[in-house]
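**Q** For reference, the file coords-v5.csv (CSV, C-alpha atoms and all ligand atoms) is included below:
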```
chain,number,residue,atom,x,y,z
A,1,MET,CA,-29.1,-8.9,49.4
A,2,THR,CA,-29.8,-12.4,50.5
A,3,TYR,CA,-29.7,-15.6,48.4
A,4,LYS,CA,-33.4,-15.9,48.9
A,5,SER,CA,-34.0,-12.6,47.1
A,6,LYS,CA,-32.3,-14.1,44.0
A,7,PHE,CA,-35.2,-16.5,43.2
A,8,GLY,CA,-37.1,-15.0,40.2
A,9,PHE,CA,-40.3,-16.5,38.6
A,10,GLY,CA,-39.5,-16.9,34.9
A,11,CYS,CA,-42.7,-16.6,32.9
A,12,MET,CA,-41.6,-18.0,29.5
A,13,ARG,CA,-42.6,-21.6,30.3
A,14,LEU,CA,-45.8,-21.3,32.3
A,15,PRO,CA,-48.1,-24.3,32.8
A,16,THR,CA,-50.5,-24.8,29.8
A,17,THR,CA,-53.7,-26.7,29.3
A,18,ASP,CA,-52.7,-27.8,25.8
A,19,ASP,CA,-49.1,-28.8,25.1
A,20,LYS,CA,-49.4,-27.8,21.5
A,21,ASP,CA,-50.8,-24.4,22.2
A,22,PRO,CA,-48.4,-22.0,24.0
A,23,THR,CA,-51.2,-19.4,24.5
A,24,SER,CA,-53.3,-21.8,26.6
A,25,VAL,CA,-51.8,-20.7,30.0
A,26,ASN,CA,-53.3,-22.7,32.8
A,27,GLN,CA,-54.4,-19.7,34.8
A,28,GLU,CA,-55.7,-21.6,37.8
A,29,LEU,CA,-52.5,-23.5,38.4
A,30,PHE,CA,-50.4,-20.4,37.7
A,31,ASN,CA,-52.4,-18.4,40.3
A,32,GLU,CA,-51.8,-21.2,42.9
A,33,MET,CA,-48.1,-21.1,42.2
A,34,VAL,CA,-48.0,-17.3,42.4
A,35,ASP,CA,-49.8,-17.4,45.7
A,36,LEU,CA,-47.3,-19.9,47.2
A,37,TYR,CA,-44.3,-18.1,45.8
A,38,MET,CA,-45.5,-14.7,47.2
A,39,GLU,CA,-46.5,-16.3,50.5
A,40,LYS,CA,-43.0,-17.5,50.9
A,41,GLY,CA,-41.6,-14.0,50.5
A,42,TYR,CA,-40.5,-13.9,46.8
A,43,ASN,CA,-41.8,-11.3,44.4
A,44,TYR,CA,-40.0,-11.1,41.0
A,45,PHE,CA,-41.7,-11.9,37.7
A,46,ASP,CA,-39.9,-11.9,34.4
A,47,THR,CA,-41.9,-11.8,31.1
A,48,SER,CA,-41.6,-10.4,27.5
A,49,TYR,CA,-43.9,-9.1,24.8
A,50,ALA,CA,-43.3,-12.4,23.0
A,51,TYR,CA,-43.7,-15.1,25.7
A,52,HIS,CA,-46.7,-17.5,25.2
A,53,GLY,CA,-47.8,-15.4,22.2
A,54,GLY,CA,-48.4,-12.4,24.5
A,55,MET,CA,-50.4,-14.4,27.0
A,56,SER,CA,-47.6,-14.5,29.6
A,57,GLU,CA,-48.1,-10.7,30.2
A,58,ALA,CA,-51.9,-11.3,30.4
A,59,ALA,CA,-51.5,-14.2,32.8
A,60,ILE,CA,-49.3,-12.1,35.1
A,61,LYS,CA,-51.9,-9.3,35.1
A,62,LYS,CA,-54.6,-11.8,36.2
A,63,ALA,CA,-52.4,-13.7,38.7
A,64,VAL,CA,-50.3,-10.9,40.2
A,65,VAL,CA,-51.3,-7.3,39.2
A,66,ASP,CA,-55.0,-7.7,39.8
A,67,ARG,CA,-54.5,-9.6,43.0
A,68,TYR,CA,-51.6,-8.0,44.9
A,69,PRO,CA,-50.7,-4.4,45.8
A,70,ARG,CA,-48.4,-3.0,43.1
A,71,GLU,CA,-45.5,-2.3,45.5
A,72,SER,CA,-45.5,-5.9,46.8
A,73,PHE,CA,-44.0,-7.4,43.5
A,74,GLU,CA,-41.6,-6.5,40.7
A,75,ILE,CA,-42.1,-7.1,37.0
A,76,CYS,CA,-39.6,-7.2,34.2
A,77,ASP,CA,-40.7,-6.9,30.6
A,78,LYS,CA,-38.9,-6.8,27.3
A,79,ILE,CA,-39.3,-4.8,24.0
A,80,PRO,CA,-39.3,-7.2,21.0
A,81,THR,CA,-36.2,-5.9,19.2
A,82,TRP,CA,-36.7,-8.0,16.1
A,83,ALA,CA,-40.1,-6.4,15.5
A,84,LEU,CA,-38.9,-2.8,15.5
A,85,THR,CA,-39.4,-1.0,12.2
A,86,SER,CA,-39.1,2.6,13.4
A,87,GLU,CA,-38.1,4.7,16.5
A,88,GLU,CA,-41.8,5.2,17.3
A,89,ASP,CA,-42.2,1.4,17.6
A,90,ASN,CA,-40.3,1.4,21.0
A,91,GLU,CA,-43.1,3.5,22.5
A,92,LYS,CA,-45.8,1.6,20.7
A,93,PHE,CA,-44.6,-1.7,22.2
A,94,VAL,CA,-44.0,-0.3,25.7
A,95,ASN,CA,-47.6,1.1,25.8
A,96,GLU,CA,-49.0,-2.2,24.7
A,97,MET,CA,-46.9,-4.1,27.3
A,98,LEU,CA,-48.0,-1.8,30.1
A,99,GLU,CA,-51.6,-2.3,29.0
A,100,ARG,CA,-51.3,-6.0,28.8
A,101,LEU,CA,-49.8,-6.1,32.3
A,102,GLY,CA,-52.3,-3.6,33.7
A,103,THR,CA,-49.6,-1.4,35.3
A,104,ASP,CA,-48.1,2.0,34.7
A,105,TYR,CA,-44.5,1.2,35.3
A,106,PHE,CA,-41.9,-1.6,34.9
A,107,ASP,CA,-39.5,-2.5,37.7
A,108,VAL,CA,-37.1,-3.6,35.0
A,109,LEU,CA,-37.3,-2.9,31.2
A,110,PHE,CA,-35.1,-4.7,28.8
A,111,ILE,CA,-34.3,-4.6,25.1
A,112,HIS,CA,-34.9,-8.3,24.2
A,113,ASN,CA,-32.2,-10.5,23.0
A,114,ILE,CA,-29.3,-8.4,21.7
A,115,ASN,CA,-27.4,-10.3,19.1
A,116,VAL,CA,-25.4,-9.1,16.1
A,117,PRO,CA,-28.3,-8.2,13.7
A,118,TRP,CA,-30.7,-7.1,16.5
A,119,PHE,CA,-28.0,-4.8,18.1
A,120,LYS,CA,-28.0,-3.0,14.8
A,121,LEU,CA,-31.8,-2.8,14.8
A,122,ALA,CA,-31.8,-1.5,18.4
A,123,GLU,CA,-29.3,1.1,17.5
A,124,ASP,CA,-31.0,2.1,14.3
A,125,ASN,CA,-34.2,2.6,16.2
A,126,ASN,CA,-32.6,4.4,19.2
A,127,SER,CA,-33.8,1.8,21.7
A,128,PHE,CA,-31.0,2.4,24.2
A,129,GLU,CA,-31.8,6.1,24.3
A,130,PHE,CA,-35.5,5.2,24.6
A,131,ILE,CA,-35.0,2.9,27.6
A,132,LYS,CA,-32.9,5.6,29.3
A,133,GLN,CA,-35.7,8.0,28.7
A,134,MET,CA,-38.1,5.5,30.3
A,135,LYS,CA,-35.9,5.4,33.4
A,136,ASP,CA,-35.5,9.1,33.5
A,137,THR,CA,-39.3,9.6,33.4
A,138,GLY,CA,-40.1,6.8,36.0
A,139,ILE,CA,-41.7,4.4,33.6
A,140,ALA,CA,-38.9,1.9,34.3
A,141,ARG,CA,-37.0,1.7,37.5
A,142,LYS,CA,-34.1,-0.3,36.1
A,143,ILE,CA,-33.0,-0.9,32.5
A,144,GLY,CA,-30.8,-3.2,30.5
A,145,PHE,CA,-30.9,-5.9,27.8
A,146,SER,CA,-31.0,-9.7,27.6
A,147,PHE,CA,-28.1,-11.5,25.9
A,148,HIS,CA,-27.3,-15.0,24.6
A,149,GLU,CA,-24.3,-14.1,22.4
A,150,LYS,CA,-20.6,-14.4,22.8
A,151,ALA,CA,-18.3,-12.1,24.9
A,152,SER,CA,-16.9,-10.1,22.0
A,153,LEU,CA,-20.3,-8.6,21.2
A,154,LEU,CA,-21.1,-8.0,24.9
A,155,GLU,CA,-17.8,-6.1,25.3
A,156,LYS,CA,-18.8,-3.9,22.4
A,157,VAL,CA,-22.3,-3.2,23.7
A,158,LEU,CA,-21.1,-2.6,27.3
A,159,GLU,CA,-18.3,-0.3,26.2
A,160,LYS,CA,-21.0,1.9,24.6
A,161,TYR,CA,-23.9,1.6,27.0
A,162,SER,CA,-22.7,0.3,30.5
A,163,ASN,CA,-23.0,4.0,31.7
A,164,ILE,CA,-26.7,4.0,31.1
A,165,ILE,CA,-27.8,0.4,31.9
A,166,ASP,CA,-28.2,-1.4,35.3
A,167,ILE,CA,-28.5,-5.0,34.3
A,168,VAL,CA,-27.6,-7.6,31.7
A,169,GLN,CA,-29.8,-10.7,31.6
A,170,LEU,CA,-27.4,-13.5,30.7
A,171,GLN,CA,-27.8,-17.1,29.6
A,172,LEU,CA,-25.7,-18.7,32.4
A,173,ASN,CA,-25.5,-22.3,33.7
A,174,TYR,CA,-22.8,-24.8,34.5
A,175,LEU,CA,-23.1,-26.4,31.0
A,176,ASP,CA,-22.5,-23.1,29.2
A,177,TRP,CA,-20.0,-21.7,31.7
A,178,GLU,CA,-16.9,-22.7,29.7
A,179,ASP,CA,-18.7,-23.6,26.4
A,180,PRO,CA,-16.8,-21.7,23.7
A,181,SER,CA,-20.0,-21.2,21.7
A,182,ILE,CA,-21.8,-19.5,24.6
A,183,GLU,CA,-19.0,-18.1,26.9
A,184,SER,CA,-21.1,-17.6,30.0
A,185,HIS,CA,-18.0,-17.2,32.2
A,186,LYS,CA,-16.4,-14.6,30.0
A,187,CYS,CA,-19.7,-12.7,29.7
A,188,TYR,CA,-20.2,-12.8,33.5
A,189,ASP,CA,-16.7,-11.4,34.0
A,190,LEU,CA,-17.3,-8.6,31.5
A,191,CYS,CA,-20.4,-7.6,33.5
A,192,VAL,CA,-18.4,-7.5,36.7
A,193,LYS,CA,-15.7,-5.4,34.9
A,194,HIS,CA,-18.3,-2.9,33.6
A,195,GLY,CA,-20.1,-2.7,37.0
A,196,VAL,CA,-23.5,-4.0,35.8
A,197,ASP,CA,-25.6,-6.6,37.6
A,198,VAL,CA,-26.2,-10.0,36.1
A,199,TYR,CA,-29.7,-11.5,36.1
A,200,VAL,CA,-29.6,-15.2,35.0
A,201,MET,CA,-31.8,-16.9,32.4
A,202,GLU,CA,-31.8,-20.5,31.4
A,203,PRO,CA,-30.2,-21.9,34.6
A,204,LEU,CA,-31.4,-25.3,33.4
A,205,LYS,CA,-30.8,-24.6,29.8
A,206,GLY,CA,-34.4,-25.2,28.9
A,207,GLY,CA,-34.5,-28.5,30.8
A,208,LEU,CA,-31.4,-30.0,29.0
A,209,ILE,CA,-29.6,-30.1,32.3
A,210,VAL,CA,-32.2,-32.1,34.1
A,211,ASN,CA,-33.6,-34.3,31.3
A,212,THR,CA,-30.4,-36.1,30.9
A,213,ASN,CA,-29.5,-39.8,30.6
A,214,ASP,CA,-29.7,-42.4,33.3
A,215,GLU,CA,-26.0,-42.6,33.8
A,216,ILE,CA,-25.7,-38.9,34.7
A,217,LYS,CA,-28.8,-39.0,36.8
A,218,GLU,CA,-27.3,-41.9,38.8
A,219,GLU,CA,-24.0,-40.0,39.3
A,220,PHE,CA,-26.0,-37.2,40.9
A,221,ARG,CA,-28.0,-39.6,43.0
A,222,LYS,CA,-24.8,-41.2,44.3
A,223,PHE,CA,-23.2,-37.8,45.0
A,224,ASN,CA,-26.2,-36.8,47.1
A,225,PRO,CA,-29.5,-38.7,47.0
A,226,ASP,CA,-31.3,-35.9,48.9
A,227,LYS,CA,-30.7,-33.1,46.3
A,228,SER,CA,-32.4,-32.7,42.9
A,229,ILE,CA,-30.3,-32.1,39.8
A,230,ALA,CA,-32.1,-28.7,39.4
A,231,SER,CA,-31.0,-27.6,42.9
A,232,TYR,CA,-27.3,-27.8,41.9
A,233,ALA,CA,-28.0,-25.7,38.8
A,234,MET,CA,-29.8,-23.0,40.9
A,235,ARG,CA,-27.0,-23.0,43.4
A,236,PHE,CA,-24.3,-22.8,40.8
A,237,CYS,CA,-25.9,-19.5,39.5
A,238,ALA,CA,-27.0,-17.9,42.7
A,239,SER,CA,-23.7,-18.6,44.5
A,240,LEU,CA,-22.0,-16.1,42.1
A,241,ASP,CA,-21.7,-12.7,43.9
A,242,ASN,CA,-22.6,-10.5,40.9
A,243,VAL,CA,-25.7,-12.6,40.1
A,244,LYS,CA,-28.6,-10.7,41.6
A,245,MET,CA,-31.4,-12.7,40.2
A,246,VAL,CA,-31.9,-16.3,38.8
A,247,LEU,CA,-35.0,-16.8,36.7
A,248,THR,CA,-36.5,-20.2,36.7
A,249,GLY,CA,-39.3,-21.3,34.4
A,250,MET,CA,-41.7,-23.6,36.3
A,251,ASN,CA,-44.6,-25.3,34.6
A,252,LYS,CA,-45.7,-27.5,37.5
A,253,MET,CA,-46.1,-27.1,41.2
A,254,GLU,CA,-43.3,-29.7,41.9
A,255,ASP,CA,-40.8,-27.4,40.2
A,256,LEU,CA,-41.8,-24.5,42.4
A,257,LEU,CA,-41.6,-26.7,45.6
A,258,ASP,CA,-38.2,-28.0,44.6
A,259,ASN,CA,-36.9,-24.4,44.0
A,260,LEU,CA,-38.4,-23.2,47.3
A,261,ASP,CA,-36.6,-26.0,49.1
A,262,THR,CA,-33.3,-24.9,47.4
A,263,TYR,CA,-33.7,-21.2,48.3
A,264,GLU,CA,-35.2,-21.7,51.8
A,265,ASN,CA,-32.2,-23.8,52.7
A,266,PHE,CA,-29.7,-22.1,50.5
A,267,GLU,CA,-26.1,-23.2,50.7
A,268,VAL,CA,-23.3,-21.7,48.6
A,269,LEU,CA,-21.7,-24.3,46.3
A,270,SER,CA,-18.7,-26.0,47.9
A,271,ASP,CA,-15.4,-26.6,46.1
A,272,GLU,CA,-16.2,-30.3,46.0
A,273,GLU,CA,-19.6,-29.6,44.4
A,274,SER,CA,-18.1,-27.2,41.9
A,275,GLU,CA,-15.7,-29.9,40.8
A,276,PHE,CA,-18.5,-32.4,40.5
A,277,LEU,CA,-20.5,-30.1,38.3
A,278,GLU,CA,-17.6,-29.5,36.1
A,279,ARG,CA,-17.3,-33.2,35.5
A,280,MET,CA,-21.0,-33.5,34.9
A,281,ALA,CA,-20.9,-30.6,32.5
A,282,LYS,CA,-18.4,-32.5,30.3
A,283,LYS,CA,-20.5,-35.7,30.4
A,284,LEU,CA,-23.6,-33.8,29.6
A,285,PHE,CA,-22.0,-31.9,26.8
A,286,GLU,CA,-21.0,-35.2,25.2
A,287,SER,CA,-24.5,-36.6,25.6
A,288,VAL,CA,-26.3,-33.8,23.7
A,289,ALA,CA,-26.9,-34.1,20.0
A,290,VAL,CA,-28.3,-30.5,19.5
A,291,ASN,CA,-27.7,-27.8,22.0
A,292,CYS,CA,-31.3,-26.6,21.8
A,293,SER,CA,-32.8,-24.9,24.9
A,294,GLU,CA,-36.4,-25.2,23.5
A,295,CYS,CA,-37.0,-21.4,23.8
A,296,GLY,CA,-39.3,-21.7,20.8
A,297,TYR,CA,-38.3,-18.4,19.0
A,298,CYS,CA,-37.5,-20.3,15.8
A,299,THR,CA,-40.9,-21.9,15.6
A,300,ASP,CA,-42.6,-18.5,15.6
A,301,ALA,CA,-40.3,-17.3,12.9
A,302,CYS,CA,-40.4,-20.4,10.6
A,303,PRO,CA,-42.6,-19.7,7.5
A,304,GLU,CA,-43.2,-23.5,7.2
A,305,MET,CA,-44.2,-23.8,10.8
A,306,ILE,CA,-41.9,-26.7,11.5
A,307,PRO,CA,-42.0,-27.6,15.2
A,308,ILE,CA,-38.2,-27.4,15.4
A,309,PRO,CA,-37.5,-27.8,19.1
A,310,GLU,CA,-39.8,-30.9,19.2
A,311,TYR,CA,-37.7,-32.6,16.6
A,312,PHE,CA,-34.5,-31.6,18.4
A,313,ARG,CA,-35.9,-32.9,21.7
A,314,LEU,CA,-36.6,-36.3,20.1
A,315,TYR,CA,-33.1,-36.4,18.6
A,316,ASN,CA,-31.5,-35.6,22.0
A,317,ARG,CA,-33.6,-38.2,23.8
A,318,SER,CA,-33.0,-40.9,21.3
A,319,LYS,CA,-29.3,-40.3,21.6
A,320,ASN,CA,-29.5,-40.9,25.4
A,321,VAL,CA,-32.2,-43.5,25.8
A,322,ASN,CA,-31.8,-47.1,24.6
A,323,ASP,CA,-35.4,-47.3,23.2
A,324,ASN,CA,-36.7,-47.3,19.7
A,325,ILE,CA,-39.8,-45.6,20.9
A,326,TYR,CA,-38.3,-42.3,19.7
A,327,ARG,CA,-38.4,-43.4,16.1
A,328,LEU,CA,-42.1,-44.0,16.5
A,329,TYR,CA,-42.5,-40.5,18.1
A,330,PHE,CA,-40.6,-39.0,15.2
A,331,ASP,CA,-43.0,-40.7,12.7
A,332,LYS,CA,-46.0,-39.5,14.7
A,333,LEU,CA,-44.7,-35.9,14.8
A,334,ASN,CA,-44.0,-36.0,11.1
A,335,ASP,CA,-47.6,-37.2,10.5
A,336,GLU,CA,-49.4,-34.8,12.9
A,337,GLU,CA,-47.2,-31.6,12.3
A,338,VAL,CA,-45.1,-30.2,9.5
A,339,PRO,CA,-42.4,-32.8,8.6
A,340,ALA,CA,-38.8,-31.8,9.4
A,341,SER,CA,-38.0,-32.6,5.8
A,342,GLU,CA,-40.1,-29.6,4.6
A,343,CYS,CA,-37.4,-27.2,5.6
A,344,THR,CA,-36.7,-25.0,2.6
A,345,TYR,CA,-33.3,-23.8,3.9
A,346,CYS,CA,-34.6,-20.2,3.8
A,347,GLY,CA,-32.6,-19.3,6.9
A,348,THR,CA,-35.3,-17.1,8.5
A,349,CYS,CA,-34.9,-18.9,11.8
A,350,LEU,CA,-31.2,-18.4,12.1
A,351,ASP,CA,-31.2,-14.9,13.6
A,352,PHE,CA,-33.9,-16.0,16.1
A,353,CYS,CA,-31.9,-19.0,17.5
A,354,THR,CA,-30.6,-18.1,21.0
A,355,GLN,CA,-28.1,-21.0,20.8
A,356,LYS,CA,-26.7,-20.2,17.4
A,357,ILE,CA,-27.7,-23.6,16.0
A,358,ASP,CA,-27.5,-24.2,12.3
A,359,ILE,CA,-31.1,-25.2,12.3
A,360,PRO,CA,-31.6,-26.4,8.7
A,361,GLU,CA,-28.4,-28.5,8.9
A,362,GLU,CA,-29.4,-30.0,12.2
A,363,LEU,CA,-32.9,-30.8,10.9
A,364,GLU,CA,-31.3,-32.7,8.1
A,365,LYS,CA,-29.3,-34.7,10.6
A,366,VAL,CA,-32.5,-35.4,12.5
A,367,CYS,CA,-34.1,-36.8,9.4
A,368,GLU,CA,-31.1,-38.9,8.5
A,369,HIS,CA,-30.8,-40.2,12.1
A,370,PHE,CA,-34.4,-41.4,12.2
A,371,GLU,CA,-35.0,-42.3,8.6
A,372,ASN,CA,-31.9,-44.5,8.2
A,373,GLY,CA,-33.8,-47.2,10.0
A,374,PHE,CA,-33.8,-47.4,13.8
A,375,SER,CA,-31.5,-45.3,15.9
A,376,PRO,CA,-27.9,-46.5,15.9
A,377,TYR,CA,-28.0,-45.9,19.7
A,378,ALA,CA,-31.0,-48.0,20.3
A,379,GLY,CA,-31.4,-51.7,20.7
A,380,SER,CA,-33.1,-54.2,18.3
A,381,PRO,CA,-36.7,-53.5,17.3
B,1,LIG,S1,-34.5,-22.7,7.3
B,1,LIG,FE1,-36.0,-24.3,7.5
B,1,LIG,S2,-36.5,-24.4,9.7
B,1,LIG,FE2,-35.5,-22.4,9.3
B,1,LIG,S3,-37.2,-21.0,8.9
B,1,LIG,FE3,-36.6,-21.8,6.9
B,1,LIG,S4,-37.9,-23.5,6.6
B,1,LIG,FE4,-38.0,-23.0,8.8
B,2,LIG,S1,-33.4,-24.2,17.8
B,2,LIG,FE1,-32.7,-22.3,18.8
B,2,LIG,S2,-34.4,-20.9,18.7
B,2,LIG,FE2,-35.2,-22.9,18.3
B,2,LIG,S3,-36.0,-23.6,20.2
B,2,LIG,FE3,-33.9,-24.4,20.0
B,2,LIG,S4,-32.6,-22.9,20.9
B,2,LIG,FE4,-34.6,-21.9,20.7
```
Go through the file and emit its structure as structure tokens.
Ligand code: SF4
Ligand code: SF4
**A**
Amino acid sequence: MTYKSKFGFGCMRLPTTDDKDPTSVNQELFNEMVDLYMEKGYNYFDTSYAYHGGMSEAAIKKAVVDRYPRESFEICDKIPTWALTSEEDNEKFVNEMLERLGTDYFDVLFIHNINVPWFKLAEDNNSFEFIKQMKDTGIARKIGFSFHEKASLLEKVLEKYSNIIDIVQLQLNYLDWEDPSIESHKCYDLCVKHGVDVYVMEPLKGGLIVNTNDEIKEEFRKFNPDKSIASYAMRFCASLDNVKMVLTGMNKMEDLLDNLDTYENFEVLSDEESEFLERMAKKLFESVAVNCSECGYCTDACPEMIPIPEYFRLYNRSKNVNDNIYRLYFDKLNDEEVPASECTYCGTCLDFCTQKIDIPEELEKVCEHFENGFSPYAGSP
């Protein structure tokens, strides 16, 4: 295994032609990115039944499956755990996923997002036995689950199922590494202990790590003006021995080029760089109002269709940037989409949140922050 082989193409945040419509995948640009990625010797694509409202799988079919020999690439797909209503649903979803992808096997098959309620759903519907059967019959070459929860649940799941699974796909990055609400470090150690590989998702925490304030950006620039902030995040993950894959969402060509540069010239993180990232993680943590990774699962679940991550993004930005423009953006979002204040506190979104955010409570804070006049962090209007 080389470091280069750890660079996986995450297909949850593909380029789109319409920012407001996640199903509008920009196929032309995605094809170009796939061609460059494959040409440089990389070959792993990660998707799910849910990404881009089902259009991520369809885009991979067009860009990869229909244009390259099947053995030249690998695809990971995920069963939508939250939508399981019976044991038969496992097979129903898998058949649909294979059809959307235009393939007859998965290189990796995951149960998507094991958390407390969905672990119960997966067990009630025999999903672990089902994926084992998929591996035994050659429909899946490797199996496992994706996971954003804390170490105590992971320990419980691994004690029961580490003997049948190959991989845990973990949320892991230098911001979450020692965060007590995520426990990436503890989760990583548990995977090592149980002998299962780690595939990393959210190495940039949905962009939170790179879209930071000017002060932190300046510290990175001073530390090494030739390296991007994203490159450190990739190297932090890929330098860990038991990490076998690092998935990176790329919605523009520049992201791909930057990542190619990182992996083509890969260097294991030095002690000095590790210490620097530890310091930056503390600063970043203090600068974030809501720990949202913009995964978007809550938006699909919300019966009021509130664009939750968009409100949280504005809140985070207004905390970091000394500019009242974010109050205007908030007003515009309220006018054009469902206002944040229309949250009914129904709680439907809570199980879907990968970061365990108390969404209704935070939405209330967003409204207070913007509606109590201009941002307290901003200058005079
Ligand atoms: S609690 Fe609010 S944000 Fe969450 S699903 Fe209900 S209405 Fe939507
Ligand atoms: S609030 Fe939670 S579920 Fe919604 S986008 Fe943010 S991290 Fe994802």
**Q** Each residue of chain A with at least one atom at most 12 Å from ligand LIG 1 (chain B) should appear once, together with its nearest atom pair and the corresponding distance in Å (one decimal); atoms considered: all atoms listed in the file; ordering: chain, then increasing residue number; output as JSON lines.
**A**
```
{"residue": "A:Gly296", "atom": "CA", "partner": "B:LIG1", "partner_atom": "S2", "distance": 11.8}
{"residue": "A:Tyr297", "atom": "CA", "partner": "B:LIG1", "partner_atom": "S3", "distance": 10.5}
{"residue": "A:Cys298", "atom": "CA", "partner": "B:LIG1", "partner_atom": "S3", "distance": 6.9}
{"residue": "A:Thr299", "atom": "CA", "partner": "B:LIG1", "partner_atom": "FE4", "distance": 7.5}
{"residue": "A:Asp300", "atom": "CA", "partner": "B:LIG1", "partner_atom": "S3", "distance": 9.0}
{"residue": "A:Ala301", "atom": "CA", "partner": "B:LIG1", "partner_atom": "S3", "distance": 6.3}
{"residue": "A:Cys302", "atom": "CA", "partner": "B:LIG1", "partner_atom": "S3", "distance": 3.7}
{"residue": "A:Pro303", "atom": "CA", "partner": "B:LIG1", "partner_atom": "S3", "distance": 5.7}
{"residue": "A:Glu304", "atom": "CA", "partner": "B:LIG1", "partner_atom": "S4", "distance": 5.3}
{"residue": "A:Met305", "atom": "CA", "partner": "B:LIG1", "partner_atom": "FE4", "distance": 6.6}
{"residue": "A:Ile306", "atom": "CA", "partner": "B:LIG1", "partner_atom": "FE4", "distance": 6.0}
{"residue": "A:Pro307", "atom": "CA", "partner": "B:LIG1", "partner_atom": "S2", "distance": 8.4}
{"residue": "A:Ile308", "atom": "CA", "partner": "B:LIG1", "partner_atom": "S2", "distance": 6.7}
{"residue": "A:Pro309", "atom": "CA", "partner": "B:LIG1", "partner_atom": "S2", "distance": 10.0}
{"residue": "A:Glu310", "atom": "CA", "partner": "B:LIG1", "partner_atom": "S2", "distance": 12.0}
{"residue": "A:Tyr311", "atom": "CA", "partner": "B:LIG1", "partner_atom": "S2", "distance": 10.8}
{"residue": "A:Phe312", "atom": "CA", "partner": "B:LIG1", "partner_atom": "S2", "distance": 11.5}
{"residue": "A:Val338", "atom": "CA", "partner": "B:LIG1", "partner_atom": "FE4", "distance": 10.1}
{"residue": "A:Pro339", "atom": "CA", "partner": "B:LIG1", "partner_atom": "S2", "distance": 10.3}
{"residue": "A:Ala340", "atom": "CA", "partner": "B:LIG1", "partner_atom": "S2", "distance": 7.8}
{"residue": "A:Ser341", "atom": "CA", "partner": "B:LIG1", "partner_atom": "FE1", "distance": 8.7}
{"residue": "A:Glu342", "atom": "CA", "partner": "B:LIG1", "partner_atom": "S4", "distance": 6.8}
{"residue": "A:Cys343", "atom": "CA", "partner": "B:LIG1", "partner_atom": "FE1", "distance": 3.7}
{"residue": "A:Thr344", "atom": "CA", "partner": "B:LIG1", "partner_atom": "S4", "distance": 4.4}
{"residue": "A:Tyr345", "atom": "CA", "partner": "B:LIG1", "partner_atom": "S1", "distance": 3.8}
{"residue": "A:Cys346", "atom": "CA", "partner": "B:LIG1", "partner_atom": "FE3", "distance": 4.0}
{"residue": "A:Gly347", "atom": "CA", "partner": "B:LIG1", "partner_atom": "S1", "distance": 3.9}
{"residue": "A:Thr348", "atom": "CA", "partner": "B:LIG1", "partner_atom": "S3", "distance": 4.4}
{"residue": "A:Cys349", "atom": "CA", "partner": "B:LIG1", "partner_atom": "S3", "distance": 4.3}
{"residue": "A:Leu350", "atom": "CA", "partner": "B:LIG1", "partner_atom": "FE2", "distance": 6.5}
{"residue": "A:Asp351", "atom": "CA", "partner": "B:LIG1", "partner_atom": "FE2", "distance": 9.7}
{"residue": "A:Phe352", "atom": "CA", "partner": "B:LIG1", "partner_atom": "S3", "distance": 9.4}
{"residue": "A:Cys353", "atom": "CA", "partner": "B:LIG1", "partner_atom": "FE2", "distance": 9.6}
{"residue": "A:Ile357", "atom": "CA", "partner": "B:LIG1", "partner_atom": "FE2", "distance": 10.4}
{"residue": "A:Asp358", "atom": "CA", "partner": "B:LIG1", "partner_atom": "FE2", "distance": 8.7}
{"residue": "A:Ile359", "atom": "CA", "partner": "B:LIG1", "partner_atom": "FE2", "distance": 6.0}
{"residue": "A:Pro360", "atom": "CA", "partner": "B:LIG1", "partner_atom": "S1", "distance": 4.9}
{"residue": "A:Glu361", "atom": "CA", "partner": "B:LIG1", "partner_atom": "S1", "distance": 8.6}
{"residue": "A:Glu362", "atom": "CA", "partner": "B:LIG1", "partner_atom": "S2", "distance": 9.4}
{"residue": "A:Leu363", "atom": "CA", "partner": "B:LIG1", "partner_atom": "S2", "distance": 7.4}
{"residue": "A:Glu364", "atom": "CA", "partner": "B:LIG1", "partner_atom": "FE1", "distance": 9.6}
```
**Q** Would you mind listing what lies within 9 Å of Met253 (chain A) as an MDAnalysis selection string, with all atoms listed in the file counted and same-chain residues fewer than 5 positions away left out?
**A** chainID A and resid 29:30 32:33 258
**Q** Using CA of His194 (chain A) and CA of Phe7 (chain A) as the two end points, give the distance in Å to one decimal.
**A** 23.7 Å
**Q** Choose the residue, out of A:Ile75, A:Leu208, A:Ile111, A:Ala83, that has the smallest atom-to-atom separation from ligand LIG 2 (chain B); count only C-alpha atoms and all ligand atoms.
**A**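 The answer is A:Leu208, which sits nearest to ligand LIG 2 (chain B).
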**Q** Excluding Asn90 (chain A) and its own-chain neighbours fewer than 3 positions away, which residues fall within 9 Å of it when counting all atoms listed in the file? Please give them as a PDB file with C-alpha atoms, in the coordinates of the input.
**A**
```pdb
ATOM      1  CA  ILE A  79     -39.300  -4.800  24.000  1.00  0.00           C
ATOM      2  CA  PRO A  80     -39.300  -7.200  21.000  1.00  0.00           C
ATOM      3  CA  THR A  81     -36.200  -5.900  19.200  1.00  0.00           C
ATOM      4  CA  LEU A  84     -38.900  -2.800  15.500  1.00  0.00           C
ATOM      5  CA  SER A  86     -39.100   2.600  13.400  1.00  0.00           C
ATOM      6  CA  GLU A  87     -38.100   4.700  16.500  1.00  0.00           C
ATOM      7  CA  PHE A  93     -44.600  -1.700  22.200  1.00  0.00           C
ATOM      8  CA  VAL A  94     -44.000  -0.300  25.700  1.00  0.00           C
ATOM      9  CA  ASN A  95     -47.600   1.100  25.800  1.00  0.00           C
ATOM     10  CA  ASN A 125     -34.200   2.600  16.200  1.00  0.00           C
ATOM     11  CA  ASN A 126     -32.600   4.400  19.200  1.00  0.00           C
ATOM     12  CA  SER A 127     -33.800   1.800  21.700  1.00  0.00           C
ATOM     13  CA  PHE A 130     -35.500   5.200  24.600  1.00  0.00           C
ATOM     14  CA  ILE A 131     -35.000   2.900  27.600  1.00  0.00           C
TER      15      ILE A 131
END
```
